[in-house]
$ cat upload_27.txt   # compact mmCIF, C-alpha atoms
# COMPACT_ATOMS: atom_id res chain seq x y z
CA MET A 1 85.71 127.56 71.08
CA PRO A 2 87.12 125.83 74.17
CA LYS A 3 89.44 127.86 76.35
CA VAL A 4 91.99 126.32 78.70
CA THR A 5 93.69 128.49 81.31
CA PHE A 6 96.83 127.42 83.16
CA ARG A 7 97.81 129.16 86.39
CA GLU A 8 101.42 128.82 85.46
CA ASP A 9 102.80 130.04 88.77
CA ARG A 10 101.06 127.12 90.52
CA CYS A 11 102.40 124.41 88.18
CA LYS A 12 104.95 121.95 89.62
CA GLY A 13 105.92 120.53 86.23
CA CYS A 14 104.82 116.91 86.89
CA GLU A 15 103.62 116.45 83.28
CA LEU A 16 100.55 114.36 84.18
CA CYS A 17 98.43 116.71 82.04
CA VAL A 18 100.80 116.27 79.10
CA SER A 19 100.49 112.47 79.36
CA VAL A 20 96.67 112.41 79.18
CA CYS A 21 95.90 115.08 76.55
CA PRO A 22 94.24 113.24 73.61
CA ARG A 23 95.25 116.01 71.18
CA LYS A 24 98.83 116.26 72.46
CA ILE A 25 98.67 120.04 72.58
CA ILE A 26 100.10 120.53 76.07
CA VAL A 27 103.86 121.10 76.30
CA MET A 28 106.31 122.01 79.03
CA SER A 29 107.68 125.53 78.81
CA GLU A 30 111.35 126.27 78.19
CA GLY A 31 111.30 128.97 80.84
CA MET A 32 110.59 128.48 84.51
CA ASN A 33 107.92 129.85 86.81
CA LYS A 34 108.78 131.58 90.06
CA LYS A 35 108.91 128.24 91.88
CA GLY A 36 111.61 127.06 89.50
CA PHE A 37 109.56 124.50 87.57
CA HIS A 38 109.13 124.16 83.82
CA TYR A 39 105.38 124.80 83.66
CA ALA A 40 102.77 123.23 81.42
CA THR A 41 101.20 125.37 78.73
CA ILE A 42 98.95 124.88 75.70
CA THR A 43 100.26 125.23 72.15
CA ASP A 44 97.19 125.31 69.92
CA GLN A 45 94.01 126.36 71.70
CA SER A 46 91.92 125.74 68.55
CA LYS A 47 92.57 121.96 68.67
CA CYS A 48 91.27 121.65 72.23
CA LEU A 49 88.22 119.39 72.79
CA ALA A 50 87.45 120.75 76.27
CA CYS A 51 87.56 117.16 77.57
CA ALA A 52 89.21 118.48 80.76
CA PHE A 53 91.34 115.33 81.11
CA CYS A 54 94.31 117.59 81.88
CA ALA A 55 92.40 119.45 84.58
CA ARG A 56 91.13 116.22 86.18
CA MET A 57 94.65 114.76 86.37
CA CYS A 58 96.30 117.94 87.66
CA PRO A 59 97.24 117.43 91.33
CA ASP A 60 97.49 121.18 91.90
CA ALA A 61 94.24 122.42 90.33
CA VAL A 62 96.25 124.59 87.95
CA ILE A 63 93.94 124.18 84.97
CA GLU A 64 90.52 125.68 84.26
CA VAL A 65 88.50 124.70 81.19
CA GLU A 66 85.71 126.69 79.54
CA LYS A 67 83.58 125.93 76.52
CA MET B 1 81.34 130.57 78.06
CA ALA B 2 80.38 127.73 80.39
CA LYS B 3 82.89 126.38 82.85
CA VAL B 4 83.71 122.76 82.05
CA PHE B 5 86.12 122.47 84.93
CA GLU B 6 87.13 124.82 87.73
CA ARG B 7 88.75 124.63 91.11
CA PRO B 8 86.23 123.48 93.77
CA LYS B 9 85.27 126.07 96.38
CA ALA B 10 85.93 123.73 99.31
CA LEU B 11 89.59 123.50 98.27
CA ALA B 12 91.61 126.36 99.76
CA ASP B 13 93.29 128.56 97.15
CA VAL B 14 96.84 127.87 98.31
CA VAL B 15 99.88 125.98 97.02
CA THR B 16 100.14 122.53 98.62
CA HIS B 17 103.42 121.19 99.98
CA TYR B 18 103.01 117.92 98.04
CA CYS B 19 105.78 116.82 95.70
CA PRO B 20 105.25 117.34 91.95
CA GLY B 21 102.92 114.68 90.54
CA CYS B 22 101.79 113.35 93.93
CA THR B 23 98.19 112.19 93.57
CA HIS B 24 97.31 113.46 97.05
CA GLY B 25 96.48 116.69 95.20
CA ILE B 26 93.93 114.92 92.97
CA ILE B 27 92.34 113.15 95.96
CA HIS B 28 92.12 116.42 97.93
CA ARG B 29 90.34 117.99 94.98
CA LEU B 30 87.88 115.08 94.71
CA VAL B 31 86.99 115.39 98.40
CA ALA B 32 86.46 119.14 97.91
CA GLU B 33 84.29 118.50 94.82
CA ALA B 34 82.15 116.04 96.76
CA ILE B 35 81.68 118.58 99.58
CA ASP B 36 80.74 121.26 97.00
CA ASP B 37 78.33 118.97 95.14
CA LEU B 38 76.47 118.01 98.31
CA GLY B 39 76.42 121.61 99.59
CA ILE B 40 77.72 120.60 103.03
CA LEU B 41 80.77 122.87 103.34
CA ASP B 42 79.38 124.88 106.27
CA ARG B 43 78.78 121.77 108.40
CA THR B 44 81.72 119.58 107.38
CA ILE B 45 84.52 118.85 109.85
CA GLY B 46 87.63 117.10 108.57
CA VAL B 47 90.23 115.25 110.61
CA ALA B 48 93.81 115.34 109.34
CA PRO B 49 96.27 112.48 109.94
CA VAL B 50 99.97 112.28 110.61
CA GLY B 51 101.92 111.65 107.42
CA CYS B 52 102.21 113.55 104.17
CA ALA B 53 98.62 114.79 104.54
CA VAL B 54 99.33 116.23 107.99
CA LEU B 55 98.86 119.74 106.60
CA ALA B 56 95.50 118.88 105.02
CA TYR B 57 93.93 121.29 107.51
CA ASN B 58 95.45 124.12 105.46
CA TYR B 59 93.95 122.84 102.22
CA PHE B 60 90.23 122.51 102.93
CA GLU B 61 87.88 125.42 103.59
CA CYS B 62 85.86 123.46 106.17
CA ASP B 63 86.70 123.17 109.86
CA MET B 64 89.57 120.78 110.47
CA GLN B 65 91.08 118.98 113.44
CA GLU B 66 94.49 117.34 113.61
CA ALA B 67 94.61 113.89 115.21
CA ALA B 68 97.45 112.00 116.85
CA HIS B 69 99.07 109.40 114.62
CA GLY B 70 96.48 106.85 113.51
CA ARG B 71 93.78 108.16 115.84
CA ALA B 72 91.71 110.05 113.27
CA PRO B 73 88.77 107.55 113.33
CA ALA B 74 88.60 107.88 117.14
CA VAL B 75 88.64 111.70 116.88
CA CYS B 76 85.96 111.52 114.15
CA THR B 77 83.86 109.32 116.43
CA GLY B 78 84.05 111.90 119.21
CA ILE B 79 83.20 114.83 116.95
CA LYS B 80 80.31 112.99 115.28
CA ARG B 81 78.77 111.91 118.58
CA VAL B 82 78.96 115.40 120.06
CA ARG B 83 77.86 117.14 116.84
CA PRO B 84 75.65 114.60 115.05
CA GLU B 85 74.53 117.22 112.51
CA ALA B 86 78.13 117.70 111.34
CA ILE B 87 79.54 115.79 108.38
CA VAL B 88 82.78 114.30 109.66
CA PHE B 89 85.52 112.79 107.55
CA SER B 90 89.06 111.60 108.10
CA TYR B 91 91.78 111.72 105.47
CA GLN B 92 94.50 109.18 106.23
CA GLY B 93 97.46 107.57 104.56
CA ASP B 94 98.50 103.92 104.77
CA GLY B 95 101.24 104.56 107.32
CA ASP B 96 98.63 106.20 109.54
CA LEU B 97 95.52 104.08 109.01
CA ALA B 98 96.98 100.63 108.26
CA SER B 99 99.85 100.67 110.73
CA ILE B 100 99.68 102.58 114.01
CA GLY B 101 95.99 103.32 113.45
CA ALA B 102 94.94 99.76 112.55
CA GLY B 103 93.14 99.33 115.87
CA GLU B 104 91.19 102.58 115.60
CA ILE B 105 89.95 101.98 112.07
CA VAL B 106 88.87 98.40 112.76
CA HIS B 107 86.80 99.40 115.77
CA ALA B 108 85.34 102.54 114.18
CA ALA B 109 84.24 100.30 111.29
CA ALA B 110 82.98 97.57 113.59
CA ARG B 111 80.89 100.11 115.51
CA GLY B 112 79.51 101.36 112.21
CA GLU B 113 80.20 104.97 113.15
CA ASN B 114 78.41 107.32 110.77
CA ILE B 115 81.63 108.85 109.40
CA THR B 116 83.48 108.97 106.08
CA VAL B 117 87.07 107.77 105.80
CA ILE B 118 89.31 108.59 102.84
CA PHE B 119 92.21 106.11 102.92
CA VAL B 120 95.12 106.98 100.65
CA ASN B 121 97.27 103.91 99.93
CA ASN B 122 100.59 104.46 98.18
CA GLY B 123 102.41 101.53 99.79
CA ILE B 124 105.13 103.55 101.50
CA TYR B 125 105.78 106.08 104.26
CA GLY B 126 106.18 109.33 102.34
CA MET B 127 106.78 112.12 104.84
CA THR B 128 109.39 110.28 106.89
CA GLY B 129 111.51 109.38 103.89
CA GLY B 130 110.30 106.24 102.17
CA GLN B 131 110.22 103.48 104.80
CA MET B 132 108.34 100.21 104.31
CA ALA B 133 104.63 100.43 105.21
CA PRO B 134 102.23 97.57 106.03
CA THR B 135 100.91 98.04 102.49
CA THR B 136 104.30 97.93 100.73
CA LEU B 137 104.20 95.32 97.97
CA VAL B 138 106.37 92.18 98.15
CA GLY B 139 109.71 92.88 96.47
CA HIS B 140 109.40 96.64 96.66
CA LYS B 141 112.63 98.36 97.71
CA THR B 142 112.28 100.98 100.43
CA THR B 143 114.80 102.49 102.85
CA THR B 144 113.90 99.84 105.45
CA SER B 145 113.62 96.97 102.95
CA PRO B 146 116.65 97.76 100.78
CA TYR B 147 116.63 94.31 99.14
CA GLY B 148 112.90 94.44 98.52
CA ARG B 149 110.13 93.37 100.92
CA ASP B 150 110.71 89.73 101.82
CA PRO B 151 107.59 87.92 103.14
CA LYS B 152 109.77 85.63 105.26
CA LEU B 153 111.19 88.62 107.08
CA GLN B 154 108.49 91.30 106.84
CA GLY B 155 105.28 89.43 106.09
CA TYR B 156 102.69 90.31 103.50
CA PRO B 157 100.95 93.59 102.57
CA VAL B 158 97.61 94.29 104.28
CA ARG B 159 94.47 94.65 102.19
CA ILE B 160 92.44 97.08 104.28
CA ALA B 161 89.29 97.26 102.12
CA GLU B 162 88.88 93.46 102.06
CA MET B 163 89.69 93.16 105.76
CA LEU B 164 87.13 95.75 106.88
CA ALA B 165 84.50 94.41 104.48
CA THR B 166 84.32 91.21 106.58
CA LEU B 167 82.83 93.28 109.44
CA ASP B 168 79.10 93.83 109.78
CA GLY B 169 79.49 97.50 110.79
CA PRO B 170 80.48 99.28 107.56
CA ALA B 171 77.86 100.51 105.09
CA TYR B 172 80.07 101.11 102.08
CA ILE B 173 83.66 100.18 101.23
CA GLU B 174 85.19 100.67 97.80
CA ARG B 175 88.73 100.71 96.41
CA VAL B 176 89.42 103.16 93.59
CA ALA B 177 92.48 104.52 91.78
CA VAL B 178 93.35 107.81 90.09
CA TYR B 179 95.84 106.88 87.38
CA THR B 180 93.62 107.84 84.42
CA PRO B 181 91.06 110.66 83.99
CA GLN B 182 88.30 108.03 83.72
CA LEU B 183 89.31 106.46 87.04
CA VAL B 184 89.51 109.92 88.60
CA MET B 185 85.86 110.43 87.65
CA LYS B 186 84.92 107.02 89.10
CA ALA B 187 86.82 107.85 92.27
CA LYS B 188 84.87 111.09 92.50
CA GLN B 189 81.57 109.20 92.37
CA ALA B 190 82.75 106.81 95.10
CA ILE B 191 83.92 109.64 97.38
CA LYS B 192 80.72 111.59 96.79
CA ARG B 193 78.68 108.53 97.70
CA ALA B 194 80.72 107.99 100.85
CA PHE B 195 79.78 111.52 101.95
CA ALA B 196 76.14 111.15 100.79
CA ASN B 197 75.83 107.98 102.90
CA GLN B 198 76.76 109.99 105.96
CA VAL B 199 74.28 112.75 105.09
CA GLU B 200 71.60 110.05 104.83
CA GLY B 201 72.72 108.45 108.10
CA LYS B 202 73.62 105.11 106.54
CA GLY B 203 76.80 104.60 108.56
CA PHE B 204 80.49 103.95 108.10
CA SER B 205 81.92 104.49 104.60
CA LEU B 206 85.56 104.01 103.59
CA ILE B 207 87.10 104.74 100.21
CA GLU B 208 90.58 103.34 99.65
CA VAL B 209 92.36 105.31 96.93
CA LEU B 210 95.49 103.82 95.33
CA SER B 211 97.95 106.68 95.15
CA THR B 212 101.53 107.33 94.09
CA CYS B 213 104.73 108.48 95.76
CA PRO B 214 106.98 109.49 92.85
CA THR B 215 109.66 110.83 95.20
CA ASN B 216 110.10 107.78 97.41
CA TRP B 217 109.39 105.26 94.66
CA GLY B 218 112.17 107.00 92.73
CA MET B 219 110.06 107.38 89.60
CA ALA B 220 108.85 110.14 87.30
CA PRO B 221 105.21 111.01 88.10
CA VAL B 222 103.89 109.54 84.84
CA ASP B 223 105.84 106.29 85.42
CA ALA B 224 104.51 106.16 88.98
CA LEU B 225 100.95 106.15 87.60
CA LYS B 226 101.90 103.20 85.38
CA ARG B 227 103.29 101.36 88.40
CA VAL B 228 99.92 101.70 90.15
CA ALA B 229 98.22 100.13 87.13
CA ASN B 230 100.79 97.37 86.59
CA GLU B 231 101.87 96.43 90.11
CA MET B 232 99.42 97.75 92.69
CA VAL B 233 96.07 97.01 91.05
CA PRO B 234 96.86 93.26 90.63
CA TYR B 235 97.44 92.98 94.40
CA TYR B 236 94.83 95.56 95.42
CA PRO B 237 91.93 94.95 93.00
CA LEU B 238 89.59 97.88 92.42
CA GLY B 239 85.91 97.51 93.21
CA VAL B 240 83.11 97.68 95.76
CA TYR B 241 83.77 95.42 98.74
CA LYS B 242 80.78 96.29 100.88
CA ASP B 243 77.56 98.06 100.00
CA ILE B 244 74.47 97.71 102.15
CA ASP B 245 72.39 99.20 99.33
CA ALA B 246 73.55 96.65 96.75
CA LYS B 247 71.08 94.08 95.55
CA GLY B 248 72.29 90.50 95.83
CA GLU B 249 75.74 89.49 96.91
CA ASP B 250 78.51 91.89 97.82
CA LYS B 251 81.71 91.45 95.85
$ encode --input "upload_27.txt" --output "structure tokens"
Amino acid sequence: MPKVTFREDRCKGCELCVSVCPRKIIVMSEGMNKKGFHYATITDQSKCLACAFCARMCPDAVIEVEK
Amino acid sequence: MAKVFERPKALADVVTHYCPGCTHGIIHRLVAEAIDDLGILDRTIGVAPVGCAVLAYNYFECDMQEAAHGRAPAVCTGIKRVRPEAIVFSYQGDGDLASIGAGEIVHAAARGENITVIFVNNGIYGMTGGQMAPTTLVGHKTTTSPYGRDPKLQGYPVRIAEMLATLDGPAYIERVAVYTPQLVMKAKQAIKRAFANQVEGKGFSLIEVLSTCPTNWGMAPVDALKRVANEMVPYYPLGVYKDIDAKGEDK
């Protein structure tokens, strides 16, 4: 099963990953990271395709994808 | 489990100073991926510009040199001629390369220096607070064109890739964008080829990457990507403008 890992402390909350996810399973958190941004996180890991679109669009290399 | 995607080793494991959603981060990563793929990290020397990417020397694991404003191609020329075995690249924005550095880039290209230039075009001066750049689109409001760029007053935007492609010196010139994951992958191939050309000694390669400036455009990052697609690409068409390896006519 694909596994997506977000380094939440590195996220700047730009939402580019949210906009490109074909399964729409990335959401912005209600809480904030230590930099003060609402960070991106994944809701349902089991729906992930491991397409890595989110990781390729992330300007801060926050996301790692395994399959 | 196999890694589908991980942070490239040539990209330093630090937080960048770039604004949220700025595509500089994507372009940095693509350069680092190209360096990793070609296995040239230990002999790569990068030259950082003046502009938003001025701190690029903190973000790559290779040796880096900072250049005076616009002079990165001249510094690259010096490094490459003294250390011909090194892989030398410059990373420059439009305010650096297309404005104060217009002379340096034209002559580095005309000489066909065996270097790689990554040219990041977001049509505005980012670091200094959103002034009009030579590449600012007609009608675009900036702090120094508050009513929108007026060709009668400020002239027309400069198309660097097309301009340099008229010279005989360059080996490879392509314009790419990074507003979708598919285009990011295409941009990666172009950047990798620009580095591979240098490894093979083919000569001057320049990749122009259409980028965003959400902060100074006054847009959300996702909307800024749409602006690249809807407004920038029609004026700055994507494609290969010069390729000495291409069969038949160049575009």
$ closest_residue --input "upload_27.txt" --among "B:Val178, B:Leu137, B:Met219, B:Met232" --to "chain A" --atoms "only C-alpha atoms"
B:Val178
$ residues_around --input "upload_27.txt" --residues "Arg7 (chain A)" --least-positions-apart "5" --cutoff "10 Å" --atoms "only C-alpha atoms" --output "PyMOL selection string"
chain A and resi 39-41+60-64
$ closest_atom_pairs --input "upload_27.txt" --of "region 64-106 of chain B" --to "region 110-116 of chain B" --cutoff "8 Å" --atoms "all atoms listed in the file" --output "tab-separated table"
residue	atom	partner	partner_atom	distance
B:Cys76	CA	B:Ile115	CA	7.0
B:Thr77	CA	B:Glu113	CA	6.6
B:Lys80	CA	B:Ile115	CA	7.3
B:Ile87	CA	B:Ile115	CA	7.3
B:Val88	CA	B:Ile115	CA	5.6
B:Phe89	CA	B:Thr116	CA	4.6
B:Ser90	CA	B:Thr116	CA	6.5
B:Val106	CA	B:Ala110	CA	6.0
$ interface_residues --input "upload_27.txt" --of "chain A" --to "chain B" --cutoff "6 Å" --atoms "all atoms listed in the file" --output "list in words"
Lys12, Cys14, Leu16, Phe53, Arg56, Met57, Pro59, Asp60, Ala61, Glu64, Val65, Glu66 and Lys67 of chain A
$ atom_distance --input "upload_27.txt" --atom1 "CA of Val50 (chain B)" --atom2 "CA of Ile105 (chain B)"
14.4 Å
$ atom_distance --input "upload_27.txt" --atom1 "CA of Cys58 (chain A)" --atom2 "CA of Leu210 (chain B)"
16.1 Å
$ closest_residue --input "upload_27.txt" --among "B:Leu164, B:Val176, B:Leu97, B:Ala171" --to "Gln189 (chain B)" --atoms "all atoms listed in the file"
B:Val176
$ closest_residue --input "upload_27.txt" --among "B:Leu238, B:Val158, B:Cys213, B:Ala246" --to "Arg175 (chain B)" --atoms "all atoms listed in the file"
B:Leu238
$ atom_distance --input "upload_27.txt" --atom1 "CA of Ser211 (chain B)" --atom2 "CA of Gly123 (chain B)"
8.2 Å
$ residues_near_point --input "upload_27.txt" --point "(89.9, 122.7, 77.1)" --cutoff "6 Å" --atoms "all atoms listed in the file" --output "PyMOL selection string"
chain A and resi 2-4+48-50+52+65
$ closest_residue --input "upload_27.txt" --among "A:Gly36, A:Ser46, A:Cys54, A:Glu8" --to "Val20 (chain A)" --atoms "all atoms listed in the file"
A:Cys54
$ residues_around --input "upload_27.txt" --residues "region 25-30 of chain A" --least-positions-apart "2" --cutoff "7 Å" --atoms "all atoms listed in the file" --output "PyMOL selection string"
chain A and resi 18+21+23+32+38-44
$ axis_aligned_box --input "upload_27.txt" --around "region 5-19 of chain A" --padding-each-side "6 Å" --output "lines of an AutoDock Vina configuration file"
center_x = 99.8
center_y = 121.3
center_z = 84.8
size_x = 24.2
size_y = 29.6
size_z = 23.4
$ residues_around --input "upload_27.txt" --residues "Asn216 (chain B)" --least-positions-apart "5" --cutoff "9 Å" --atoms "all atoms listed in the file" --output "PyMOL selection string"
chain B and resi 124-126+129-131+142-143
$ write_last_selection --input "upload_27.txt" --atoms "C-alpha atoms" --output "PDB file, in the coordinates of the input"
ATOM      1  CA  ILE B 124     105.130 103.550 101.500  1.00  0.00           C
ATOM      2  CA  TYR B 125     105.780 106.080 104.260  1.00  0.00           C
ATOM      3  CA  GLY B 126     106.180 109.330 102.340  1.00  0.00           C
ATOM      4  CA  GLY B 129     111.510 109.380 103.890  1.00  0.00           C
ATOM      5  CA  GLY B 130     110.300 106.240 102.170  1.00  0.00           C
ATOM      6  CA  GLN B 131     110.220 103.480 104.800  1.00  0.00           C
ATOM      7  CA  THR B 142     112.280 100.980 100.430  1.00  0.00           C
ATOM      8  CA  THR B 143     114.800 102.490 102.850  1.00  0.00           C
TER       9      THR B 143
END
$ closest_residue --input "upload_27.txt" --among "B:Thr212, B:Lys188, B:Arg71, B:Lys141" --to "Glu104 (chain B)" --atoms "all atoms listed in the file"
B:Arg71
$ closest_residue --input "upload_27.txt" --among "B:Glu66, B:Pro84, B:Gly148, B:Pro73" --to "Val199 (chain B)" --atoms "only C-alpha atoms"
B:Pro84
$ residues_around --input "upload_27.txt" --residues "Asp9 (chain A)" --least-positions-apart "5" --cutoff "8 Å" --atoms "only C-alpha atoms" --output "ChimeraX atom specification"
/A:33-35,39
